[in-house]
Structure formats: C-alpha cells, structure tokens
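Enquirer: Here you go, this is final.cif (mmCIF, C-alpha atoms).
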```cif
data_my_file
#
loop_
_atom_site.label_atom_id
_atom_site.label_comp_id
_atom_site.auth_asym_id
_atom_site.auth_seq_id
_atom_site.Cartn_x
_atom_site.Cartn_y
_atom_site.Cartn_z
CA MET I 1 -10.13 -11.51 25.34
CA THR I 2 -9.88 -8.13 27.03
CA CYS I 3 -8.83 -7.46 30.62
CA SER I 4 -12.37 -6.36 31.49
CA ARG I 5 -13.78 -9.68 30.24
CA LEU I 6 -11.16 -11.56 32.21
CA SER I 7 -12.20 -9.70 35.37
CA LEU I 8 -15.80 -10.74 34.81
CA LEU I 9 -14.71 -14.34 34.41
CA PHE I 10 -12.77 -14.17 37.66
CA VAL I 11 -15.83 -12.88 39.51
CA SER I 12 -17.97 -15.68 38.07
CA ALA I 13 -15.32 -18.26 38.89
CA THR I 14 -15.09 -16.97 42.47
CA VAL I 15 -18.82 -17.46 43.03
CA LEU I 16 -18.73 -20.95 41.49
CA TYR I 17 -15.76 -22.16 43.49
CA LEU I 18 -17.04 -20.76 46.79
CA GLY I 19 -20.38 -22.50 46.17
CA LEU I 20 -18.52 -25.78 45.81
CA GLY I 21 -16.46 -25.19 48.95
CA MET I 22 -13.24 -24.82 46.94
CA ARG I 23 -10.55 -22.19 47.03
CA PRO I 24 -11.58 -19.28 44.73
CA ILE I 25 -9.57 -19.10 41.51
CA SER I 26 -9.42 -15.33 41.86
CA SER I 27 -7.17 -15.69 44.90
CA LEU I 28 -4.69 -17.51 42.64
CA ALA I 29 -5.07 -15.67 39.36
CA ARG I 30 -5.82 -12.07 40.28
CA VAL I 31 -2.14 -11.17 39.97
CA GLY I 32 -2.26 -9.02 36.87
CA LEU I 33 -2.79 -11.76 34.30
CA CYS I 34 -3.17 -9.25 31.48
CA ASP I 35 0.28 -7.86 32.32
CA SER I 36 1.98 -11.19 32.96
CA LEU I 37 1.00 -12.94 29.71
CA HIS I 38 3.72 -11.11 27.79
CA GLN I 39 6.37 -11.16 30.51
CA PRO I 40 8.42 -14.01 31.99
CA PRO I 41 6.92 -15.31 35.27
CA GLN I 42 8.64 -14.00 38.37
CA ASN I 43 8.79 -17.33 40.24
CA LYS I 44 11.75 -19.57 39.41
CA ASP I 45 10.90 -23.26 39.06
CA ALA I 46 12.36 -26.41 37.60
CA GLU I 47 11.79 -25.11 34.06
CA ASN I 48 14.47 -22.47 34.51
CA ALA I 49 16.56 -24.08 37.21
CA ALA I 50 19.51 -24.19 34.83
CA GLY I 51 19.53 -20.41 34.56
CA ASP I 52 17.45 -20.00 31.37
CA GLU I 53 14.91 -17.21 31.25
CA PRO I 54 11.35 -18.51 31.66
CA LYS I 55 9.49 -18.67 28.35
CA PRO I 56 6.80 -16.00 27.77
CA LEU I 57 3.30 -17.38 27.43
CA THR I 58 2.69 -15.44 24.21
CA ALA I 59 4.12 -12.72 22.00
CA PRO I 60 2.53 -9.29 22.63
CA LEU I 61 1.75 -8.49 18.99
CA ASP I 62 -1.55 -7.46 17.44
CA ILE I 63 -1.31 -7.88 13.66
CA GLU I 64 -3.91 -6.72 11.16
CA VAL I 65 -4.21 -6.69 7.37
CA PRO I 66 -6.39 -3.58 6.87
CA THR I 67 -6.96 -4.12 3.14
CA ALA I 68 -7.02 -7.57 1.56
CA PRO I 69 -4.71 -7.93 -1.47
CA TRP I 70 -6.07 -8.00 -5.01
CA ALA I 71 -3.95 -10.03 -7.44
CA PHE I 72 -2.78 -8.08 -10.49
CA LYS I 73 -0.32 -8.48 -13.33
CA GLY I 74 2.60 -6.12 -13.86
CA ASN I 75 5.82 -6.44 -15.84
CA GLY I 76 4.88 -9.97 -16.86
CA LYS I 77 4.38 -11.31 -13.33
CA TRP I 78 1.61 -11.49 -10.72
CA HIS I 79 1.66 -9.55 -7.48
CA LEU I 80 -0.04 -9.27 -4.10
CA VAL I 81 0.40 -5.87 -2.45
CA TYR I 82 -0.88 -5.17 1.06
CA GLU I 83 0.21 -4.03 4.53
CA LEU I 84 0.66 -5.55 7.96
CA HIS I 85 -0.12 -3.18 10.82
CA ILE I 86 1.91 -4.62 13.69
CA ALA I 87 1.28 -3.26 17.20
CA ASN I 88 3.28 -4.23 20.27
CA ILE I 89 0.64 -4.15 23.02
CA GLY I 90 3.07 -5.24 25.72
CA GLN I 91 5.95 -3.59 27.54
CA PRO I 92 8.97 -5.65 26.38
CA LYS I 93 10.64 -4.49 23.19
CA CYS I 94 10.08 -6.82 20.20
CA THR I 95 12.36 -7.28 17.20
CA LEU I 96 11.02 -8.94 14.08
CA THR I 97 13.58 -11.27 12.54
CA ARG I 98 11.65 -13.10 9.81
CA ILE I 99 8.30 -12.94 8.02
CA GLU I 100 7.24 -16.00 6.05
CA VAL I 101 4.25 -15.94 3.73
CA VAL I 102 2.79 -19.43 3.39
CA THR I 103 -0.38 -20.94 2.01
CA SER I 104 -3.05 -21.78 4.55
CA SER I 105 -3.69 -25.22 3.07
CA PRO I 106 -2.41 -28.25 4.97
CA ALA I 107 0.56 -28.48 2.57
CA ARG I 108 1.83 -25.10 3.82
CA ARG I 109 3.53 -24.06 0.55
CA MET I 110 6.12 -21.34 1.12
CA LEU I 111 5.36 -18.21 -0.93
CA ALA I 112 7.96 -15.72 0.27
CA ILE I 113 10.53 -15.15 3.01
CA PHE I 114 11.64 -11.74 4.23
CA GLU I 115 14.54 -11.31 6.64
CA GLY I 116 17.68 -9.24 7.18
CA LYS I 117 18.06 -6.22 4.91
CA ASP I 118 14.99 -7.16 2.88
CA LEU I 119 12.85 -7.19 6.01
CA ASN I 120 14.24 -3.88 7.28
CA ALA I 121 13.62 -2.23 3.90
CA MET I 122 9.90 -3.06 3.93
CA ILE I 123 9.16 -1.89 7.49
CA SER I 124 8.44 1.68 8.47
CA HIS I 125 7.69 3.41 11.78
CA PRO I 126 4.81 5.89 11.56
CA ASP I 127 6.81 8.36 13.66
CA GLY I 128 9.51 8.40 10.97
CA ASP I 129 12.25 6.96 13.20
CA ASP I 130 13.52 4.09 11.07
CA ARG I 131 16.98 3.69 12.63
CA ALA I 132 15.97 0.19 13.77
CA PRO I 133 13.08 -0.65 11.41
CA SER I 134 12.32 -4.15 12.67
CA THR I 135 12.34 -3.24 16.37
CA ILE I 136 9.01 -2.33 17.95
CA PRO I 137 9.16 -0.61 21.35
CA GLY I 138 6.58 -1.31 24.01
CA ALA I 139 3.24 0.20 22.97
CA GLY I 140 4.76 0.89 19.53
CA VAL I 141 3.51 0.28 15.99
CA VAL I 142 5.20 -0.49 12.67
CA ILE I 143 3.88 -0.96 9.14
CA ALA I 144 5.21 -3.82 7.02
CA TYR I 145 4.70 -3.00 3.35
CA MET I 146 4.24 -6.39 1.74
CA TRP I 147 4.87 -7.13 -1.93
CA VAL I 148 4.75 -10.80 -2.93
CA THR I 149 5.46 -11.74 -6.57
CA PHE I 150 4.53 -14.88 -8.51
CA GLU I 151 5.62 -16.10 -11.93
CA ARG I 152 2.16 -17.31 -12.92
CA LYS I 153 -1.44 -16.53 -12.06
CA GLU I 154 -1.90 -20.17 -11.10
CA ASP I 155 0.64 -19.70 -8.31
CA VAL I 156 -1.44 -17.04 -6.56
CA PRO I 157 -3.14 -18.67 -3.55
CA ALA I 158 -6.77 -18.27 -2.54
CA THR I 159 -5.73 -17.75 1.09
CA PHE I 160 -2.45 -17.45 2.95
CA LEU I 161 -1.05 -16.64 6.38
CA HIS I 162 2.13 -15.33 7.96
CA GLN I 163 4.62 -17.06 10.21
CA ILE I 164 6.47 -14.33 12.07
CA THR I 165 9.62 -14.93 14.06
CA LEU I 166 10.69 -12.37 16.66
CA SER I 167 12.85 -11.84 19.67
CA LEU I 168 11.40 -10.48 22.90
CA ASP I 169 13.47 -8.31 25.20
CA GLY I 170 14.39 -10.32 28.30
CA TYR I 171 14.13 -13.73 26.63
CA SER I 172 17.02 -15.15 24.60
CA GLU I 173 15.15 -17.63 22.39
CA GLY I 174 13.15 -16.64 19.33
CA LEU I 175 9.37 -16.85 19.27
CA THR I 176 7.21 -17.74 16.27
CA ILE I 177 3.56 -16.85 15.80
CA LYS I 178 1.05 -17.56 13.05
CA THR I 179 -1.45 -14.98 11.90
CA PRO I 180 -5.05 -15.62 10.83
CA ASN I 181 -5.73 -16.42 7.18
CA VAL I 182 -5.83 -13.66 4.59
CA THR I 183 -8.24 -14.06 1.67
CA VAL I 184 -7.00 -12.98 -1.76
CA ASN I 185 -9.23 -11.19 -4.23
CA ARG I 186 -8.57 -13.21 -7.37
CA THR I 187 -11.33 -11.73 -9.50
CA PRO I 188 -9.98 -9.84 -12.53
CA VAL I 189 -8.95 -6.28 -11.75
CA PRO I 190 -10.82 -3.49 -13.57
CA VAL I 191 -9.65 -2.98 -17.14
CA ILE I 192 -9.37 0.60 -18.34
CA GLY I 193 -8.32 2.62 -21.33
CA PRO I 194 -5.40 5.07 -21.37
CA PRO I 195 -5.61 8.31 -19.32
CA LEU I 196 -3.48 10.12 -21.94
CA ARG I 197 -2.48 9.93 -25.59
CA GLY I 198 0.82 9.42 -27.32
CA ALA I 199 4.32 8.30 -26.47
CA ASP I 200 7.16 9.08 -24.05
CA TRP I 201 5.11 9.08 -20.84
CA GLY I 202 7.18 8.05 -17.85
CA ALA I 203 5.48 6.23 -14.97
CA ALA I 204 7.19 8.34 -12.31
CA HIS I 205 6.81 6.96 -8.78
CA GLY I 206 4.78 4.14 -10.34
CA PRO I 207 3.95 0.89 -8.55
CA ALA I 208 6.92 -0.32 -6.48
CA ASN I 209 7.29 -1.13 -2.81
CA ASP I 210 9.37 1.86 -1.72
CA THR I 211 7.86 4.89 -3.46
CA HIS I 212 6.15 7.75 -1.65
CA HIS I 213 2.89 6.72 -3.35
CA ARG I 214 3.12 3.17 -2.03
CA ARG I 215 3.82 4.38 1.49
CA GLY I 216 1.48 7.35 1.49
CA LEU I 217 -0.36 6.33 4.66
CA LEU I 218 -2.75 9.11 5.70
CA THR I 219 -5.27 9.18 8.56
CA LEU I 220 -8.59 10.87 7.87
CA ASN I 221 -11.67 10.83 10.11
CA GLY I 222 -10.13 8.24 12.41
CA HIS I 223 -9.08 5.81 9.67
CA ALA I 224 -5.75 5.17 7.93
CA TYR I 225 -5.82 5.04 4.11
CA ILE I 226 -3.34 4.56 1.28
CA ALA I 227 -5.19 6.14 -1.61
CA GLU I 228 -2.01 6.27 -3.72
CA ARG I 229 -1.11 2.59 -3.31
CA PHE I 230 -0.99 2.11 -7.11
CA ALA I 231 -0.83 5.74 -8.23
CA ILE I 232 1.35 6.95 -11.12
CA ASP I 233 2.69 10.42 -11.86
CA TRP I 234 2.60 10.48 -15.64
CA LEU I 235 5.47 12.76 -16.65
CA ARG I 236 6.19 13.23 -20.33
CA LEU I 237 9.80 13.21 -21.53
CA THR I 238 11.49 14.57 -24.62
CA THR I 239 12.92 12.13 -27.16
CA SER I 240 16.31 12.52 -25.47
CA GLY I 241 14.94 11.78 -22.00
CA ALA I 242 14.83 15.34 -20.67
CA ILE I 243 11.78 16.52 -18.70
CA HIS I 244 11.76 20.00 -20.29
CA THR I 245 13.14 22.11 -23.09
CA GLY I 246 13.99 25.80 -22.75
CA ASP I 247 13.31 27.66 -19.52
CA ALA I 248 12.89 25.14 -16.69
CA GLY I 249 10.95 27.72 -14.67
CA LYS I 250 8.05 27.86 -17.14
CA ASN I 251 5.28 25.29 -17.34
CA VAL I 252 5.11 25.53 -21.14
CA SER I 253 8.68 24.17 -21.34
CA TYR I 254 7.48 20.73 -20.22
CA PRO I 255 6.29 18.44 -23.03
CA GLY I 256 3.37 17.07 -21.00
CA TYR I 257 1.92 20.46 -20.15
CA GLY I 258 -1.50 20.95 -21.74
CA ALA I 259 -1.92 17.31 -22.81
CA GLU I 260 -5.50 16.07 -22.78
CA ALA I 261 -6.52 13.90 -19.83
CA LEU I 262 -8.95 11.23 -21.03
CA ALA I 263 -11.77 9.27 -19.45
CA VAL I 264 -10.44 5.74 -18.96
CA ALA I 265 -13.91 4.19 -19.13
CA ASP I 266 -17.57 5.01 -19.53
CA GLY I 267 -18.92 6.44 -16.31
CA SER I 268 -20.10 9.45 -14.32
CA ILE I 269 -18.27 12.46 -12.92
CA THR I 270 -18.57 12.35 -9.11
CA GLY I 271 -16.02 14.94 -8.02
CA LYS I 272 -14.36 18.12 -9.20
CA ARG I 273 -12.15 20.91 -7.84
CA GLU I 274 -11.21 24.11 -9.70
CA GLY I 275 -9.79 27.52 -8.96
CA ILE I 276 -6.34 26.52 -7.67
CA ALA I 277 -3.54 28.55 -9.23
CA GLU I 278 -0.62 26.74 -10.85
CA ASN I 279 2.89 26.53 -9.47
CA ASN I 280 6.02 27.66 -11.21
CA PRO I 281 8.13 24.53 -11.82
CA GLY I 282 10.74 23.84 -9.22
CA THR I 283 9.32 26.30 -6.70
CA THR I 284 6.96 26.27 -3.74
CA ASP I 285 5.40 29.63 -4.44
CA GLY I 286 1.96 28.23 -5.23
CA PRO I 287 -1.02 28.07 -2.86
CA ARG I 288 -0.38 26.60 0.59
CA ILE I 289 -0.79 22.82 0.57
CA THR I 290 -3.76 21.58 2.61
CA LEU I 291 -5.97 18.50 2.41
CA GLU I 292 -8.20 20.56 0.10
CA THR I 293 -5.41 21.74 -2.24
CA ILE I 294 -2.94 18.83 -2.26
CA CYS I 295 -4.47 17.30 -5.41
CA GLY I 296 -4.76 20.67 -7.09
CA ASN I 297 -7.51 21.00 -9.66
CA TYR I 298 -8.96 17.53 -10.09
CA VAL I 299 -11.70 15.33 -11.53
CA ILE I 300 -13.06 12.05 -10.16
CA LEU I 301 -14.68 9.57 -12.54
CA GLN I 302 -16.76 6.67 -11.23
CA PHE I 303 -16.71 3.75 -13.69
CA GLY I 304 -18.04 0.90 -11.56
CA PRO I 305 -19.16 -0.09 -8.08
CA HIS I 306 -16.44 1.12 -5.68
CA LEU I 307 -14.21 2.13 -8.62
CA TYR I 308 -13.16 5.79 -8.88
CA ALA I 309 -10.43 7.23 -11.09
CA SER I 310 -8.79 10.46 -9.88
CA TYR I 311 -6.99 12.94 -12.14
CA CYS I 312 -4.93 15.49 -10.19
CA HIS I 313 -2.80 18.66 -10.82
CA LEU I 314 -4.93 19.83 -13.76
CA GLN I 315 -4.72 23.25 -15.37
CA PRO I 316 -7.07 25.82 -13.80
CA GLY I 317 -10.01 26.55 -16.07
CA SER I 318 -9.39 23.49 -18.25
CA ILE I 319 -11.91 21.06 -16.75
CA ARG I 320 -14.66 20.32 -19.28
CA VAL I 321 -17.02 18.24 -17.14
CA ASN I 322 -19.14 18.68 -14.04
CA PRO I 323 -20.40 16.32 -11.31
CA GLY I 324 -23.33 14.30 -12.63
CA ASP I 325 -22.10 14.32 -16.23
CA LYS I 326 -22.04 11.01 -18.09
CA VAL I 327 -18.83 10.48 -20.06
CA LYS I 328 -17.52 7.97 -22.58
CA ARG I 329 -14.17 6.24 -22.68
CA GLY I 330 -11.64 8.48 -24.45
CA GLN I 331 -13.57 11.69 -23.81
CA VAL I 332 -11.42 14.71 -22.91
CA LEU I 333 -11.89 15.69 -19.26
CA ALA I 334 -9.28 18.41 -18.74
CA LEU I 335 -5.69 19.44 -19.50
CA VAL I 336 -2.53 18.38 -17.68
CA GLY I 337 -1.19 21.14 -15.46
CA ASN I 338 0.92 21.90 -12.40
CA SER I 339 -1.47 22.71 -9.56
CA GLY I 340 -1.50 21.47 -5.98
CA ASN I 341 1.37 19.44 -4.54
CA SER I 342 3.31 19.36 -7.78
CA GLY I 343 6.77 20.55 -8.78
CA ALA I 344 6.41 20.12 -12.55
CA PRO I 345 3.56 19.53 -15.01
CA HIS I 346 2.31 15.95 -14.82
CA LEU I 347 -0.86 13.92 -14.35
CA HIS I 348 -1.30 12.13 -11.04
CA PHE I 349 -3.61 9.20 -11.79
CA GLN I 350 -5.00 6.60 -9.40
CA VAL I 351 -7.95 4.24 -8.95
CA CYS I 352 -9.64 3.99 -5.54
CA ASP I 353 -12.60 2.32 -3.90
CA ASP I 354 -14.43 5.51 -2.83
CA ASN I 355 -15.36 8.97 -4.09
CA SER I 356 -12.35 10.82 -2.73
CA THR I 357 -8.78 11.61 -3.71
CA LEU I 358 -7.52 10.84 -0.19
CA ALA I 359 -10.12 9.05 1.99
CA CYS I 360 -10.10 5.83 -0.02
CA GLU I 361 -8.02 2.73 -0.62
CA GLY I 362 -6.02 2.51 -3.80
CA VAL I 363 -6.82 -0.57 -5.91
CA PRO I 364 -4.94 -2.12 -8.85
CA TYR I 365 -6.17 -2.07 -12.42
CA ALA I 366 -5.00 -3.07 -15.88
CA LEU I 367 -4.61 -1.16 -19.13
CA ARG I 368 -6.04 -3.03 -22.09
CA SER I 369 -2.77 -2.52 -23.91
CA PHE I 370 0.30 -0.31 -23.83
CA VAL I 371 3.80 -0.28 -25.27
CA GLN I 372 6.89 -0.15 -23.08
CA GLU I 373 9.51 1.95 -24.85
CA THR I 374 13.21 1.18 -24.36
CA ARG I 375 15.45 3.98 -25.54
CA GLY I 376 19.09 4.65 -24.97
CA PHE I 377 18.50 6.91 -21.99
CA ASN I 378 16.44 4.32 -20.07
CA SER I 379 18.26 1.18 -21.17
CA PRO I 380 20.70 -0.63 -18.86
CA ASP I 381 23.38 -0.75 -21.57
CA GLY I 382 22.63 2.70 -22.98
CA LYS I 383 21.34 1.28 -26.27
CA PRO I 384 17.77 1.23 -27.60
CA HIS I 385 15.95 -2.11 -27.62
CA PRO I 386 12.72 -3.33 -29.25
CA ASP I 387 9.56 -2.05 -27.65
CA ILE I 388 7.51 -4.47 -25.53
CA VAL I 389 3.74 -4.75 -25.87
CA HIS I 390 1.91 -5.35 -22.58
CA THR I 391 -1.68 -6.56 -22.47
CA LEU I 392 -3.96 -6.41 -19.43
CA GLU I 393 -1.19 -5.19 -17.15
CA LEU I 394 -0.56 -2.35 -14.73
CA PRO I 395 2.46 -0.20 -15.72
CA THR I 396 5.12 -0.36 -13.03
CA TYR I 397 7.88 1.83 -11.65
CA GLU I 398 9.66 4.14 -14.13
CA MET I 399 8.34 2.44 -17.27
CA LEU I 400 8.40 4.60 -20.38
CA VAL I 401 5.02 4.13 -22.05
CA ARG I 402 3.33 4.73 -25.39
CA PHE I 403 -0.40 4.58 -24.88
CA VAL I 404 -2.61 2.51 -27.20
CA GLN I 405 -6.12 3.87 -27.70
#
```
Kindly present the structure from the file in structure tokens form.

Expert:
Amino acid sequence: MTCSRLSLLFVSATVLYLGLGMRPISSLARVGLCDSLHQPPQNKDAENAAGDEPKPLTAPLDIEVPTAPWAFKGNGKWHLVYELHIANIGQPKCTLTRIEVVTSSPARRMLAIFEGKDLNAMISHPDGDDRAPSTIPGAGVVIAYMWVTFERKEDVPATFLHQITLSLDGYSEGLTIKTPNVTVNRTPVPVIGPPLRGADWGAAHGPANDTHHRRGLLTLNGHAYIAERFAIDWLRLTTSGAIHTGDAGKNVSYPGYGAEALAVADGSITGKREGIAENNPGTTDGPRITLETICGNYVILQFGPHLYASYCHLQPGSIRVNPGDKVKRGQVLALVGNSGNSGAPHLHFQVCDDNSTLACEGVPYALRSFVQETRGFNSPDGKPHPDIVHTLELPTYEMLVRFVQ
C-alpha cells in the first residue's frame, strides 16, 4: 500500500469516526506512518523497559525476481539461474546475513543456503562499490545473482521462495522475511545444433555465476536486461592450448579466425549489422564502442517463439544472409572475426527472448550433443583424460568442446 492510498484511508476513517461520535483515527495515526513502519517507535513502553531497542514493524526491503528461472542441465547437473533485485526503501541501513531458498510447499524443503563469503560473492552494487556487498544503504539497491544447483531433474521444484535474514541499523536482533513464491519454468529448454564445427573450442566466459556475461546488467529504454546471461565466447585453441600461433597482433594468427558460423536451427534471419571494421588483436584501435557497435558485425536468427540466437564479432563482408531469409540448421551464416567489443577473434553466441543483441533476456538452451575434451593443458593433474560426451546440455564455464554435427 502506498502512502497516497494510506492518506485516502485516513480521510475516509476520519469521516466515519466523526459520524459515529468517536475520536478520528487520523488524529492518532497521522504521524508519518509511512516513515515509522521501518523505524523503531519513539515512545518507550513496557516492551523495551529493560533497555532493548523497540522492534521494527517490518523490514524496509522491496525484492523482485525480474526474470523467472528456467531449469537447464549443465555439467551433469540441473540449475536455476536468476536474480533478486533488492531495494532498501527505508532510511536505516540493512545488512543481509543469510538467504535461504526453500520450496513453497507446506513441507518447506531447503534447497540452498547462502551466507558469509558465499553470500558476499553473489551480491553486487550497481554503482560498483562492492566493499561491503551485503550492506544496503538507505534508498540503495543491490543485485543478488542466484545460482541454485540440483543433482537430479526430479529435485527441481515447481515453485519456491526465499527466507532472508538481515540486520537493521539501530536494532540489535536479526529480522527474517519471506518473499512471494517464484514459479519455475520446467518445460524443456530449446535444443539446438552447434554454432561452429570441429574441435578445440573453449567456452570462454561461459555459464558461471561470476563472469562478466552473467553479470552484464544493462538498462535500455527504462528496463534492465541481462542479454548475456548464458552467453559463450567461443575461442578456438591450438592443440597445445595456446590462443594463437605466430604474430599475436594479426587476426590470421588465431586458429578460430575465419571459421564458419552455422545456423543452430531452422529459422528466419531477423537482424543483421555489417560495415564495422575489425580490431587488431590486443588493441583498442578499432571503431569506438557504442550500443550500435558493441556486438560488431552480427546476425540474429529466430528459431522459435521468443527464441533468438545472436552471432557477434563477425568478419566484415562475410555475412551470407539477409533479414527475411529462411535458413536451415547447419547452414553457413558468416565467418568468425574480431569486430566490435572484442580483443581477439572469437564468436560471441547467445540465445535471447527478443529480436535484439542487448534489449532482451538471455535464456538457457541445450546442444543435442557435444564432446568435452580433457587435455594436459586443461586437466587438474596436467595429464590428458578420456573425453566426455554430453547430451542435451548447455556447455559451462571454460569447457573445451568438440562439436558434434
């Protein structure tokens, strides 16, 4: 209820009480109720006669889940990835101490607990000041980047909620609040073919909770999006694990340069950008980065309702399709390049819910099949191990992949 609605209620209550010959409620309550809800009462009574601070009536937090999570499989497990936008709409400083994720059924099954260092690591301040991540100043906002993992698909709930424990400046005891239910999208994620061919493709900045893709919150036209929530920078490596051979300042020295970017499904071309010059690797001497050039030369492929695949940083002059074209899975769309916000040749690939590279929400997907390569340079013990075949999974952070057509 807003303060304006409260004022209207006070006026109505005043008329009612006067008509009954009673003392108007407004004379008792018109003392800044909207301000006092989140602050200890000023009058001292028996409740705090022993010297304890009076308990606040409520915690001043407004918590929203802007995009409902969509369950997906990655690295053999199931995951829910989403954000909590937490706004402190009061004056006292709040410090989050614990976030519990629990089922919303009467049994209240515990799904995950975040506190201490784990909690601090998943919270970010939009202003970039993360010296005290879990502390929210008055009129401040933080983003909690949630990543909840399950061993089995059967463990993924249909709905869940959060129990959040916090401390409020001026009151020594902790407060606990429960958020409204969150509904999980448990329908199968879209299944796609490979965006590239061959082996030795590294999933640079791939799905993980602390990459710049995962936390790429961007406001456009009055709305905050994370288009890159599940994006991958596909960077090809040499057989020894190097990212280039020869002159590091030349694009042709990178094994992924010029590789064919493929349509991941049957669909239609709905977006295209050309004419952006390439960068020299390791430099910033390319065109100035703007919202229009950040993706470089790109193609957008729509392959279902609210499903759009974006291919960014393509070679200028290499795009072989135009908006309105119908394409088939495996068809060559363009060549991998180094245009836009890119320091070395690679393919930035993502799937979103709208026809844009930025003004959309990133959604998970699954490759029909791919092989995870384990070589000496990416093995924990420095020795090669048998490859692992993944089916209907999303490649995750830093996997080395051989695509299966």

Enquirer: Rounded to one decimal place, report the CA of Asn279 in chain I-CA of Glu292 in chain I distance in Å.

Expert: 15.8 Å

Enquirer: For the file shown, what are the residues hit by the PyMOL selection byres ((chain I and resi 282) around 8), laid out as a PDB file with C-alpha atoms, keeping the file's coordinate frame?

Expert:
```pdb
ATOM      1  CA  ALA I 248      12.890  25.140 -16.690  1.00  0.00           C
ATOM      2  CA  GLY I 249      10.950  27.720 -14.670  1.00  0.00           C
ATOM      3  CA  ASN I 280       6.020  27.660 -11.210  1.00  0.00           C
ATOM      4  CA  PRO I 281       8.130  24.530 -11.820  1.00  0.00           C
ATOM      5  CA  THR I 283       9.320  26.300  -6.700  1.00  0.00           C
ATOM      6  CA  THR I 284       6.960  26.270  -3.740  1.00  0.00           C
ATOM      7  CA  GLY I 343       6.770  20.550  -8.780  1.00  0.00           C
ATOM      8  CA  ALA I 344       6.410  20.120 -12.550  1.00  0.00           C
TER       9      ALA I 344
END
```

Enquirer: Report, in Å with one decimal, the straight-line distance from CA of Asp155 in chain I to CA of Lys77 in chain I.

Expert: 10.5 Å

Enquirer: Taking only C-alpha atoms into account, which of I:Val389, I:Ala71, I:Ala265, I:Val101 comes nearest Thr187 in chain I?

Expert: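 Nearest to Thr187 in chain I: I:Ala71.
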
Enquirer: Quick one: apply the PyMOL selection byres ((chain I and resi 133-148) around 7) to the file and drop the selected residues here as a ChimeraX atom specification.

Expert: /I:79-96,112,120,122-126,130-132,149-150,209

Enquirer: Report, in Å to a single decimal, how far apart CA of Tyr365 in chain I and CA of Gly340 in chain I are.

Expert: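 Atom-to-atom, CA of Gly340 in chain I and CA of Tyr365 in chain I are spaced 24.8 Å apart.
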
Enquirer: Compile the contact shell of Gly267 in chain I as a PyMOL selection string: residues with an atom at most 9 Å away, counting all atoms listed in the file, same-chain residues fewer than 5 positions apart removed.

Expert: chain I and resi 301-304+325-329

Enquirer: Choose the residue, out of I:Val252, I:Leu235, I:Leu262, I:Leu400, that has the smallest atom-to-atom separation from Ser342 in chain I; count all atoms listed in the file.

Expert: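 Answer, going by the shortest atom-to-atom distance: I:Leu235.
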